[in-house]
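Novice: Dropping in protein_10.cif, with mmCIF, C-alpha atoms.
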data_structure
loop_
_atom_site.label_atom_id
_atom_site.label_comp_id
_atom_site.auth_asym_id
_atom_site.auth_seq_id
_atom_site.Cartn_x
_atom_site.Cartn_y
_atom_site.Cartn_z
CA GLU A 512 33.06 -8.51 -13.23
CA THR A 513 30.64 -5.71 -12.38
CA GLU A 514 28.07 -5.56 -9.61
CA LYS A 515 25.44 -5.70 -12.35
CA GLY A 516 26.10 -9.41 -12.68
CA ARG A 517 25.41 -10.10 -9.02
CA SER A 518 22.69 -12.71 -8.30
CA GLN A 519 21.26 -14.79 -5.50
CA LYS A 520 23.57 -17.57 -6.69
CA ASP A 521 26.56 -15.37 -5.84
CA ILE A 522 25.20 -14.96 -2.32
CA SER A 523 24.63 -18.71 -2.02
CA SER A 524 28.19 -19.52 -3.05
CA ASN A 525 29.52 -17.20 -0.33
CA MET A 526 27.36 -18.89 2.31
CA GLU A 527 28.50 -22.48 1.65
CA GLY A 528 28.89 -24.46 4.83
CA ILE A 529 26.50 -22.23 6.81
CA LYS A 530 23.40 -24.19 7.81
CA PRO A 531 19.92 -22.83 8.53
CA THR A 532 18.98 -22.49 12.19
CA PHE A 533 16.13 -25.02 11.89
CA GLU A 534 14.84 -27.77 9.56
CA LEU A 535 12.20 -26.34 7.23
CA SER A 536 10.26 -29.61 7.45
CA SER A 537 9.79 -28.98 11.19
CA PHE A 538 7.88 -25.72 10.64
CA CYS A 539 4.38 -25.78 12.13
CA PHE A 540 2.06 -23.06 10.82
CA GLU A 541 0.22 -20.87 13.35
CA ARG A 542 -1.16 -17.88 11.46
CA ILE A 543 -0.63 -15.28 8.76
CA LEU A 544 1.04 -12.20 10.24
CA ASN A 545 0.64 -9.93 7.23
CA SER A 546 -0.05 -10.08 3.51
CA ASP A 547 1.02 -7.29 1.16
CA HIS A 548 -0.87 -7.83 -2.11
CA GLU A 549 0.78 -4.89 -3.87
CA ARG A 550 4.32 -6.12 -3.19
CA LYS A 551 3.40 -9.84 -3.46
CA ILE A 552 4.75 -10.61 0.02
CA ILE A 553 3.27 -12.70 2.84
CA TYR A 554 4.56 -13.25 6.40
CA LEU A 555 3.77 -16.42 8.34
CA LEU A 556 4.20 -17.21 12.03
CA GLY A 557 4.90 -20.70 13.26
CA HIS A 558 7.06 -22.77 15.57
CA THR A 559 9.37 -25.75 15.30
CA GLN A 560 7.71 -29.12 15.70
CA GLY A 561 7.22 -30.04 19.34
CA HIS A 562 8.39 -26.64 20.61
CA VAL A 563 5.52 -24.13 20.63
CA ASP A 564 7.70 -21.45 22.24
CA ASP A 565 10.40 -21.75 19.56
CA LYS A 566 8.89 -19.19 17.17
CA VAL A 567 9.67 -18.86 13.46
CA VAL A 568 8.74 -16.10 11.01
CA LEU A 569 8.74 -16.92 7.29
CA LYS A 570 8.58 -14.31 4.55
CA PHE A 571 7.59 -15.34 1.02
CA GLU A 572 8.17 -12.92 -1.86
CA LYS A 573 7.43 -13.50 -5.53
CA GLY A 574 10.62 -13.26 -7.56
CA ASN A 575 11.52 -10.75 -10.26
CA PHE A 576 11.34 -11.56 -13.94
CA HIS A 577 14.73 -12.17 -15.56
CA GLU A 578 14.72 -9.80 -18.51
CA GLU A 579 17.30 -11.76 -20.50
CA GLU A 580 14.86 -14.73 -20.69
CA ILE A 581 11.57 -12.87 -21.02
CA SER A 582 11.24 -13.38 -24.79
CA THR A 583 10.41 -17.08 -24.21
CA ILE A 584 7.89 -16.56 -21.39
CA LEU A 585 4.90 -17.79 -23.42
CA ASP A 586 6.65 -20.77 -25.00
CA LYS A 587 6.12 -23.18 -22.11
CA ALA A 588 3.12 -21.78 -20.27
CA ALA A 589 1.49 -24.78 -18.54
CA LYS A 590 -1.96 -23.17 -18.40
CA THR A 591 -3.59 -20.09 -19.90
CA GLU A 592 -7.10 -18.92 -18.95
CA HIS A 593 -8.67 -15.87 -20.57
CA PHE A 594 -11.19 -14.30 -18.16
CA PHE A 595 -11.68 -10.64 -19.17
CA GLN A 596 -11.90 -8.52 -22.31
CA ASN A 597 -13.03 -4.92 -22.76
CA ASP A 598 -12.22 -3.41 -26.15
CA ALA A 599 -8.42 -3.67 -26.49
CA PHE A 600 -7.81 -4.68 -22.87
CA GLY A 601 -7.66 -8.33 -21.90
CA LYS A 602 -6.67 -10.35 -18.82
CA PHE A 603 -5.39 -13.92 -18.44
CA ASN A 604 -4.60 -16.18 -15.52
CA MET A 605 -1.44 -18.13 -16.32
CA VAL A 606 0.72 -20.86 -14.87
CA LEU A 607 4.19 -20.20 -16.23
CA ASP A 608 7.19 -22.44 -16.67
CA GLU A 609 9.02 -23.29 -13.43
CA LYS A 610 11.91 -20.88 -14.04
CA TYR A 611 9.46 -17.94 -14.00
CA ASN A 612 7.69 -19.08 -10.83
CA TRP A 613 10.44 -19.00 -8.20
CA THR A 614 9.73 -17.48 -4.79
CA LEU A 615 12.21 -16.07 -2.29
CA MET A 616 11.73 -17.31 1.27
CA GLU A 617 13.42 -15.61 4.23
CA THR A 618 13.48 -17.03 7.74
CA ILE A 619 13.80 -15.50 11.20
CA HIS A 620 14.59 -18.09 13.86
CA PRO A 621 14.43 -17.80 16.73
CA ALA A 622 11.89 -15.00 16.24
CA PRO A 623 11.59 -12.67 19.26
CA GLU A 624 8.31 -10.98 20.13
CA LYS A 625 9.69 -7.63 18.88
CA LEU A 626 10.09 -8.96 15.33
CA ILE A 627 6.79 -10.85 15.39
CA ARG A 628 5.11 -7.54 16.19
CA LYS A 629 7.15 -5.71 13.54
CA TYR A 630 6.02 -8.02 10.73
CA SER A 631 2.39 -8.24 11.86
CA ALA A 632 -0.38 -6.25 10.17
CA GLN A 633 -0.92 -3.01 12.05
CA GLU A 634 -2.37 0.47 11.81
CA TYR A 635 -0.08 3.49 11.52
CA PHE A 636 -0.55 6.91 13.06
CA SER A 637 1.16 10.29 12.67
CA LEU A 638 2.77 11.88 15.74
CA ARG A 639 4.78 15.05 16.22
CA GLU A 640 7.98 14.37 18.13
CA THR A 641 9.08 17.64 19.70
CA PRO A 642 12.65 17.98 21.04
CA GLU A 643 11.15 17.67 24.53
CA LEU A 644 9.29 14.48 23.60
CA TYR A 645 12.49 13.07 22.14
CA GLN A 646 14.42 13.74 25.35
CA LYS A 647 11.67 12.39 27.60
CA ILE A 648 10.65 9.25 25.68
CA THR A 649 12.67 8.35 22.60
CA LYS A 650 16.18 9.02 23.89
CA LYS A 651 15.46 7.21 27.14
CA PHE A 652 14.07 4.25 25.20
CA VAL A 653 17.16 4.06 22.96
CA GLU A 654 19.57 4.29 25.89
CA GLU A 655 17.80 1.44 27.67
CA LEU A 656 17.77 -0.91 24.67
CA PRO A 657 19.86 -4.06 25.28
CA GLU A 658 22.87 -4.30 22.96
CA LYS A 659 21.52 -7.61 21.61
CA HIS A 660 18.93 -5.61 19.63
CA ILE A 661 21.67 -4.50 17.25
CA SER A 662 24.20 -7.29 17.83
CA TRP A 663 23.85 -8.27 14.17
CA VAL A 664 25.08 -4.76 13.19
CA TYR A 665 28.10 -5.07 15.47
CA ASN A 666 28.79 -8.52 13.99
CA ILE A 667 29.10 -6.86 10.58
CA LEU A 668 31.27 -4.02 11.87
CA ASP A 669 33.51 -6.50 13.70
CA LYS A 670 33.73 -8.74 10.56
CA LYS A 671 32.11 -11.66 12.37
CA SER A 672 29.45 -12.01 9.67
CA GLU A 673 28.70 -10.80 6.12
CA SER A 674 32.26 -9.54 5.66
CA GLU A 675 32.33 -11.20 2.23
CA PHE A 676 29.58 -8.84 1.06
CA ILE A 677 31.30 -5.57 1.99
CA LYS A 678 31.74 -3.42 -1.11
CA VAL A 679 33.35 -0.33 0.38
CA GLU A 680 35.27 0.07 3.61
CA THR A 681 36.89 3.24 4.84
CA ASP A 682 38.01 4.37 8.27
CA HIS A 683 34.50 5.70 8.85
CA PHE A 684 31.89 3.37 7.32
CA LEU A 685 31.05 0.12 5.54
CA LEU A 686 28.89 -0.23 2.43
CA LEU A 687 27.16 -3.53 1.71
CA PRO A 688 23.96 -4.77 0.03
CA ASP A 689 20.77 -4.98 2.05
CA MET A 690 19.97 -8.70 2.00
CA LYS A 691 16.23 -8.04 2.23
CA TYR A 692 16.30 -7.11 -1.47
CA ASN A 693 17.16 -9.10 -4.56
CA HIS A 694 20.27 -7.87 -6.35
CA ASP A 695 19.86 -9.94 -9.49
CA GLN A 696 19.36 -6.90 -11.75
CA GLY A 697 21.60 -3.87 -11.98
CA ASP A 698 18.79 -1.32 -11.59
CA ASN A 699 17.47 -3.05 -8.46
CA PHE A 700 20.35 -2.19 -6.15
CA TYR A 701 19.82 -1.45 -2.48
CA TYR A 702 22.78 -0.76 -0.20
CA LEU A 703 23.27 0.20 3.43
CA ALA A 704 26.07 2.45 4.66
CA LEU A 705 26.85 1.58 8.30
CA VAL A 706 28.92 4.08 10.26
CA LYS A 707 31.70 2.59 12.36
CA ARG A 708 31.09 5.01 15.23
CA ARG A 709 28.74 3.52 17.79
CA ASP A 710 27.69 6.74 19.48
CA ILE A 711 25.49 7.97 16.61
CA LYS A 712 22.18 6.22 17.14
CA SER A 713 19.87 8.19 14.87
CA LEU A 714 19.22 11.41 12.99
CA ARG A 715 18.70 13.19 16.32
CA ASP A 716 22.39 12.76 17.22
CA LEU A 717 23.70 14.49 14.11
CA ASN A 718 25.16 17.99 14.26
CA GLY A 719 27.71 20.17 12.50
CA SER A 720 30.61 18.08 13.78
CA HIS A 721 29.38 15.19 11.61
CA LEU A 722 29.30 17.05 8.27
CA ASP A 723 32.65 15.67 7.12
CA LEU A 724 31.46 12.14 7.89
CA LEU A 725 28.15 12.62 6.07
CA ASN A 726 29.82 14.06 2.97
CA HIS A 727 32.44 11.29 3.04
CA ILE A 728 29.72 8.60 3.02
CA LYS A 729 28.00 10.29 0.09
CA THR A 730 31.17 10.77 -1.97
CA GLU A 731 32.54 7.25 -1.51
CA SER A 732 29.16 5.56 -2.06
CA LEU A 733 28.50 7.45 -5.30
CA LYS A 734 32.03 6.69 -6.46
CA PHE A 735 31.42 2.95 -5.94
CA LEU A 736 28.07 3.01 -7.76
CA LYS A 737 29.57 4.85 -10.72
CA LYS A 738 32.46 2.41 -11.00
CA SER A 739 30.53 -0.83 -10.42
CA LEU A 740 27.13 -0.07 -11.99
CA ASN A 741 27.85 2.99 -14.14
CA VAL A 742 25.11 4.78 -12.18
CA GLU A 743 25.05 8.56 -12.14
CA GLU A 744 24.31 10.62 -9.03
CA ASN A 745 20.89 11.66 -10.35
CA GLN A 746 19.93 7.95 -10.53
CA VAL A 747 20.67 7.39 -6.84
CA LEU A 748 18.33 7.95 -3.90
CA MET A 749 19.98 8.29 -0.48
CA PHE A 750 17.85 8.64 2.62
CA VAL A 751 17.66 8.02 6.36
CA HIS A 752 14.73 6.64 8.32
CA TYR A 753 13.34 8.36 11.37
CA LEU A 754 12.29 6.56 13.40
CA PRO A 755 14.79 3.93 12.24
CA SER A 756 14.11 0.20 12.48
CA TYR A 757 17.34 -0.14 14.51
CA PHE A 758 19.26 2.48 16.43
CA HIS A 759 22.70 2.53 14.83
CA PHE A 760 23.09 5.31 12.28
CA HIS A 761 22.88 4.01 8.72
CA VAL A 762 22.04 5.36 5.27
CA HIS A 763 19.80 3.69 2.68
CA ILE A 764 21.06 3.89 -0.90
CA THR A 765 18.90 2.71 -3.79
CA CYS A 766 17.85 3.43 -7.36
CA SER A 767 15.85 6.64 -7.77
CA THR A 768 13.68 5.08 -10.51
CA LYS A 769 12.26 2.37 -8.23
CA GLU A 770 9.17 2.88 -6.10
CA ARG A 771 9.80 1.44 -2.64
CA LYS A 772 7.73 1.27 0.52
CA ASN A 773 10.85 2.34 2.45
CA THR A 774 10.77 5.79 0.87
CA ALA A 775 7.32 6.72 2.21
CA ILE A 776 6.65 10.21 3.56
CA GLY A 777 6.73 10.27 7.33
CA ARG A 778 9.68 7.95 7.61
CA ALA A 779 12.27 8.60 4.91
CA ILE A 780 14.29 11.84 5.03
CA LEU A 781 16.44 12.70 2.02
CA TYR A 782 20.16 12.53 2.78
CA SER A 783 20.97 15.71 0.87
CA ASP A 784 18.35 17.57 2.92
CA ILE A 785 19.98 16.34 6.13
CA ILE A 786 23.36 17.69 5.04
CA ASP A 787 21.82 21.00 3.94
CA ASN A 788 19.84 21.43 7.16
CA ILE A 789 22.85 20.83 9.39
CA SER A 790 24.94 23.15 7.22
CA LEU A 791 22.40 25.91 7.83
CA MET A 792 22.02 25.20 11.56
CA THR A 793 24.52 22.99 13.38
CA ASP A 794 21.95 21.75 15.95
CA TYR A 795 19.03 21.56 13.51
CA TYR A 796 17.95 18.05 14.52
CA GLN A 797 18.19 18.81 18.21
CA LYS A 798 15.72 21.70 17.76
CA LYS A 799 13.36 20.43 15.07
CA THR A 800 9.95 18.91 15.71
CA ILE A 801 9.74 15.83 13.48
CA GLU A 802 6.50 14.34 12.17
CA LEU A 803 6.56 10.56 12.64
CA ILE A 804 4.55 7.68 11.26
CA VAL A 805 4.43 5.12 14.07
CA GLY A 806 2.90 1.64 14.01
CA GLU A 807 0.62 0.53 16.83
CA HIS A 808 2.96 -2.42 17.47
CA ASP A 809 6.00 -0.19 17.88
CA LEU A 810 7.40 -0.58 21.39
CA MET A 811 7.44 3.20 21.87
CA TYR A 812 3.93 3.82 20.54
CA PRO A 813 2.01 3.78 23.87
CA ALA A 814 4.45 6.12 25.61
CA LEU A 815 4.65 8.52 22.64
CA CYS A 816 0.86 8.68 22.36
CA GLN A 817 0.38 9.24 26.07
CA VAL A 818 2.82 12.15 26.22
CA GLU A 819 1.47 13.74 23.02
CA LYS A 820 -2.10 13.66 24.42
CA GLN A 821 -0.90 15.48 27.54
CA SER A 822 0.89 18.21 25.57
#
Mind turning this structure into structure tokens?

Specialist:
Amino acid sequence: ETEKGRSQKDISSNMEGIKPTFELSSFCFERILNSDHERKIIYLLGHTQGHVDDKVVLKFEKGNFHEEEISTILDKAAKTEHFFQNDAFGKFNMVLDEKYNWTLMETIHPAPEKLIRKYSAQEYFSLRETPELYQKITKKFVEELPEKHISWVYNILDKKSESEFIKVETDHFLLLPDMKYNHDQGDNFYYLALVKRRDIKSLRDLNGSHLDLLNHIKTESLKFLKKSLNVEENQVLMFVHYLPSYFHFHVHITCSTKERKNTAIGRAILYSDIIDNISLMTDYYQKKTIELIVGEHDLMYPALCQVEKQS
């Protein structure tokens, strides 16, 4: 069986016996954190009944269409309302059959303030992180982060959780699907490569001594995608975020034909460019000034802004 046949049902079967951390019926709505109309996603904040400090974040995302069933989409439409026509172009509001109306819900419980801020609507600003700014603010911030902030990553590396989802394991990294994305269609893949070394926190730590590791991750990941999905290298997009959402070096691997918010300029840096840059200059990312897109709710935002204004 190929990875192309993977679905949410496969994930569910691997999670049998694992219960949610709270009863959904106990959720008490507080407010909308964010609503992304383009991606059809909404984030809600609430708490468990009777415990206002026990915060919960819910994410609702409209599901993908299943292409193998699309030919019957109009057969059982419960309601059709025509509301616009201009020459050849028309628009309808429709209520489709139940199987076309499913919604994915993700839960975060307990939800710490850091994640509540992360998923809240916010403005974003561009900043230039010089090597000096990195040393003074960013590096200090990363070094002072409690280990619990990435305990879930260490749980994966130590095989305490999600071990059943690992697709590739070598002496140097693990490859597994990013659970934030649906993997019910072969061209919708999204994987994360997690390095086993715990001393590489971000792009800024990379130098010429890591070239073998970086090339190894690329080679083994592409080999897996070719074998499991019959995907060629020119159909794969590999990139690294800076600033990353968590400080343990990892690589994002997805389909190059899909538009994703994660690949936005100012955050995503192409993996091949990283390898090329370090090949040209071993300490490239220790010397480079990097343009950042930082959200106003980011924990480092006030300090980064203050230092940049003084420079």

Novice: Run the PyMOL selection byres ((chain A and resi 568) around 10) on the file and write out the hits as a list of chain:residue names.

Specialist: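 Matching residues under the PyMOL selection byres ((chain A and resi 568) around 10) are A:Phe538, A:Phe540, A:Ile543, A:Leu544, A:Tyr554, A:Leu555, A:Leu556, A:Gly557, A:His558, A:Lys566, A:Val567, A:Leu569, A:Lys570, A:Glu617, A:Thr618, A:Ile619, A:His620, A:Pro621, A:Ala622, A:Pro623, A:Leu626, A:Ile627, A:Tyr630.
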
Novice: Can you tell me which residues surround Ser546 in chain A at a distance of at most 9 Å, considering all atoms listed in the file, apart from same-chain residues fewer than 5 positions away, and format the answer as a ChimeraX atom specification?

Specialist: /A:551-555,631-632

Novice: Spell out the residues picked by the PyMOL selection byres ((chain A and resi 668) around 12) here, as a PyMOL selection string.

Specialist: chain A and resi 661-667+669-674+676-677+680-687+704-709+759

Novice: To test your reading of the syntax: which residues would the PyMOL selection byres ((chain A and resi 718-726) around 12) return for the file shown? Reply as an MDAnalysis selection string.

Specialist: chainID A and resid 681:684 704:708 710:711 713:717 727:733 749:751 760:762 782:798

Novice: Let me see the file: selected residues, C-alpha atoms, as a short mmCIF file (atom, residue, chain, number, x, y, z; two decimals), in the coordinates of the input.

Specialist:
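For reference, again-v1.cif as written:
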data_model
loop_
_atom_site.label_atom_id
_atom_site.label_comp_id
_atom_site.auth_asym_id
_atom_site.auth_seq_id
_atom_site.Cartn_x
_atom_site.Cartn_y
_atom_site.Cartn_z
CA THR A 681 36.89 3.24 4.84
CA ASP A 682 38.01 4.37 8.27
CA HIS A 683 34.50 5.70 8.85
CA PHE A 684 31.89 3.37 7.32
CA ALA A 704 26.07 2.45 4.66
CA LEU A 705 26.85 1.58 8.30
CA VAL A 706 28.92 4.08 10.26
CA LYS A 707 31.70 2.59 12.36
CA ARG A 708 31.09 5.01 15.23
CA ASP A 710 27.69 6.74 19.48
CA ILE A 711 25.49 7.97 16.61
CA SER A 713 19.87 8.19 14.87
CA LEU A 714 19.22 11.41 12.99
CA ARG A 715 18.70 13.19 16.32
CA ASP A 716 22.39 12.76 17.22
CA LEU A 717 23.70 14.49 14.11
CA HIS A 727 32.44 11.29 3.04
CA ILE A 728 29.72 8.60 3.02
CA LYS A 729 28.00 10.29 0.09
CA THR A 730 31.17 10.77 -1.97
CA GLU A 731 32.54 7.25 -1.51
CA SER A 732 29.16 5.56 -2.06
CA LEU A 733 28.50 7.45 -5.30
CA MET A 749 19.98 8.29 -0.48
CA PHE A 750 17.85 8.64 2.62
CA VAL A 751 17.66 8.02 6.36
CA PHE A 760 23.09 5.31 12.28
CA HIS A 761 22.88 4.01 8.72
CA VAL A 762 22.04 5.36 5.27
CA TYR A 782 20.16 12.53 2.78
CA SER A 783 20.97 15.71 0.87
CA ASP A 784 18.35 17.57 2.92
CA ILE A 785 19.98 16.34 6.13
CA ILE A 786 23.36 17.69 5.04
CA ASP A 787 21.82 21.00 3.94
CA ASN A 788 19.84 21.43 7.16
CA ILE A 789 22.85 20.83 9.39
CA SER A 790 24.94 23.15 7.22
CA LEU A 791 22.40 25.91 7.83
CA MET A 792 22.02 25.20 11.56
CA THR A 793 24.52 22.99 13.38
CA ASP A 794 21.95 21.75 15.95
CA TYR A 795 19.03 21.56 13.51
CA TYR A 796 17.95 18.05 14.52
CA GLN A 797 18.19 18.81 18.21
CA LYS A 798 15.72 21.70 17.76
#

Novice: Report as a list of chain:residue names all protein, DNA and RNA residues lying within 9 Å of Glu640 in chain A, evaluated on all atoms listed in the file, omitting residues in the same chain fewer than 6 positions from it.

Specialist: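 Selected residues are A:Thr649, A:Lys799, A:Thr800, A:Ile801, A:Glu802, A:Leu803, A:Leu815, A:Glu819.
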
Novice: Do you know which residues are at most 6 Å from range 602-605 of chain A counting only C-alpha atoms, after dropping those on the same chain fewer than 3 positions away, and could you put them as a PyMOL selection string?

Specialist: chain A and resi 590-595

Novice: In Å to one decimal, how far is CA of Glu609 in chain A from CA of Glu579 in chain A?

Specialist: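 Distance reported for this atom pair: 15.9 Å.
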
Novice: Using only C-alpha atoms, determine which residues lie at most 12 Å from range 773-777 of chain A, disregarding the query and same-chain residues fewer than 6 positions distant; provide the list as an NGL selection string.

Specialist: :A and (635-640 or 691-692 or 701 or 748-756 or 762-767 or 801-806)

Novice: Using the selection just defined, write its residues with C-alpha atoms as a CSV table (one decimal), in the coordinates of the input.

Specialist:
chain,number,residue,atom,x,y,z
A,635,TYR,CA,-0.1,3.5,11.5
A,636,PHE,CA,-0.6,6.9,13.1
A,637,SER,CA,1.2,10.3,12.7
A,638,LEU,CA,2.8,11.9,15.7
A,639,ARG,CA,4.8,15.0,16.2
A,640,GLU,CA,8.0,14.4,18.1
A,691,LYS,CA,16.2,-8.0,2.2
A,692,TYR,CA,16.3,-7.1,-1.5
A,701,TYR,CA,19.8,-1.4,-2.5
A,748,LEU,CA,18.3,8.0,-3.9
A,749,MET,CA,20.0,8.3,-0.5
A,750,PHE,CA,17.8,8.6,2.6
A,751,VAL,CA,17.7,8.0,6.4
A,752,HIS,CA,14.7,6.6,8.3
A,753,TYR,CA,13.3,8.4,11.4
A,754,LEU,CA,12.3,6.6,13.4
A,755,PRO,CA,14.8,3.9,12.2
A,756,SER,CA,14.1,0.2,12.5
A,762,VAL,CA,22.0,5.4,5.3
A,763,HIS,CA,19.8,3.7,2.7
A,764,ILE,CA,21.1,3.9,-0.9
A,765,THR,CA,18.9,2.7,-3.8
A,766,CYS,CA,17.8,3.4,-7.4
A,767,SER,CA,15.8,6.6,-7.8
A,801,ILE,CA,9.7,15.8,13.5
A,802,GLU,CA,6.5,14.3,12.2
A,803,LEU,CA,6.6,10.6,12.6
A,804,ILE,CA,4.6,7.7,11.3
A,805,VAL,CA,4.4,5.1,14.1
A,806,GLY,CA,2.9,1.6,14.0

Novice: Separation of CA of Glu675 in chain A and CA of Thr768 in chain A, in Å?

Specialist: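 These atoms are spaced 27.8 Å apart.
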
Novice: Set the distance at 12 Å and use only C-alpha atoms: which residues neighbour Thr583 in chain A once local chain neighbours fewer than 3 positions away are removed? I'd like the list as a count of residues only.

Specialist: 12

Novice: Kindly give the distance, in Å, that separates CA of Cys816 in chain A and CA of Lys625 in chain A, rounded to a single decimal.

Specialist: 18.9 Å

Novice: Return the single residue from A:Ala814, A:Asp565, A:Ala779, A:Lys650 that is closest to Glu624 in chain A, with distances computed using all atoms listed in the file.

Specialist: A:Asp565

Novice: Compute the distance from (0.2, -1.8, 17.7) to each atom, counting all atoms listed in the file, keep the residues with any atom at most 7 Å away, and return them as JSON, numbers by chain; use the coordinates of the file.

Specialist: {"A": [633, 634, 806, 807, 808, 809]}
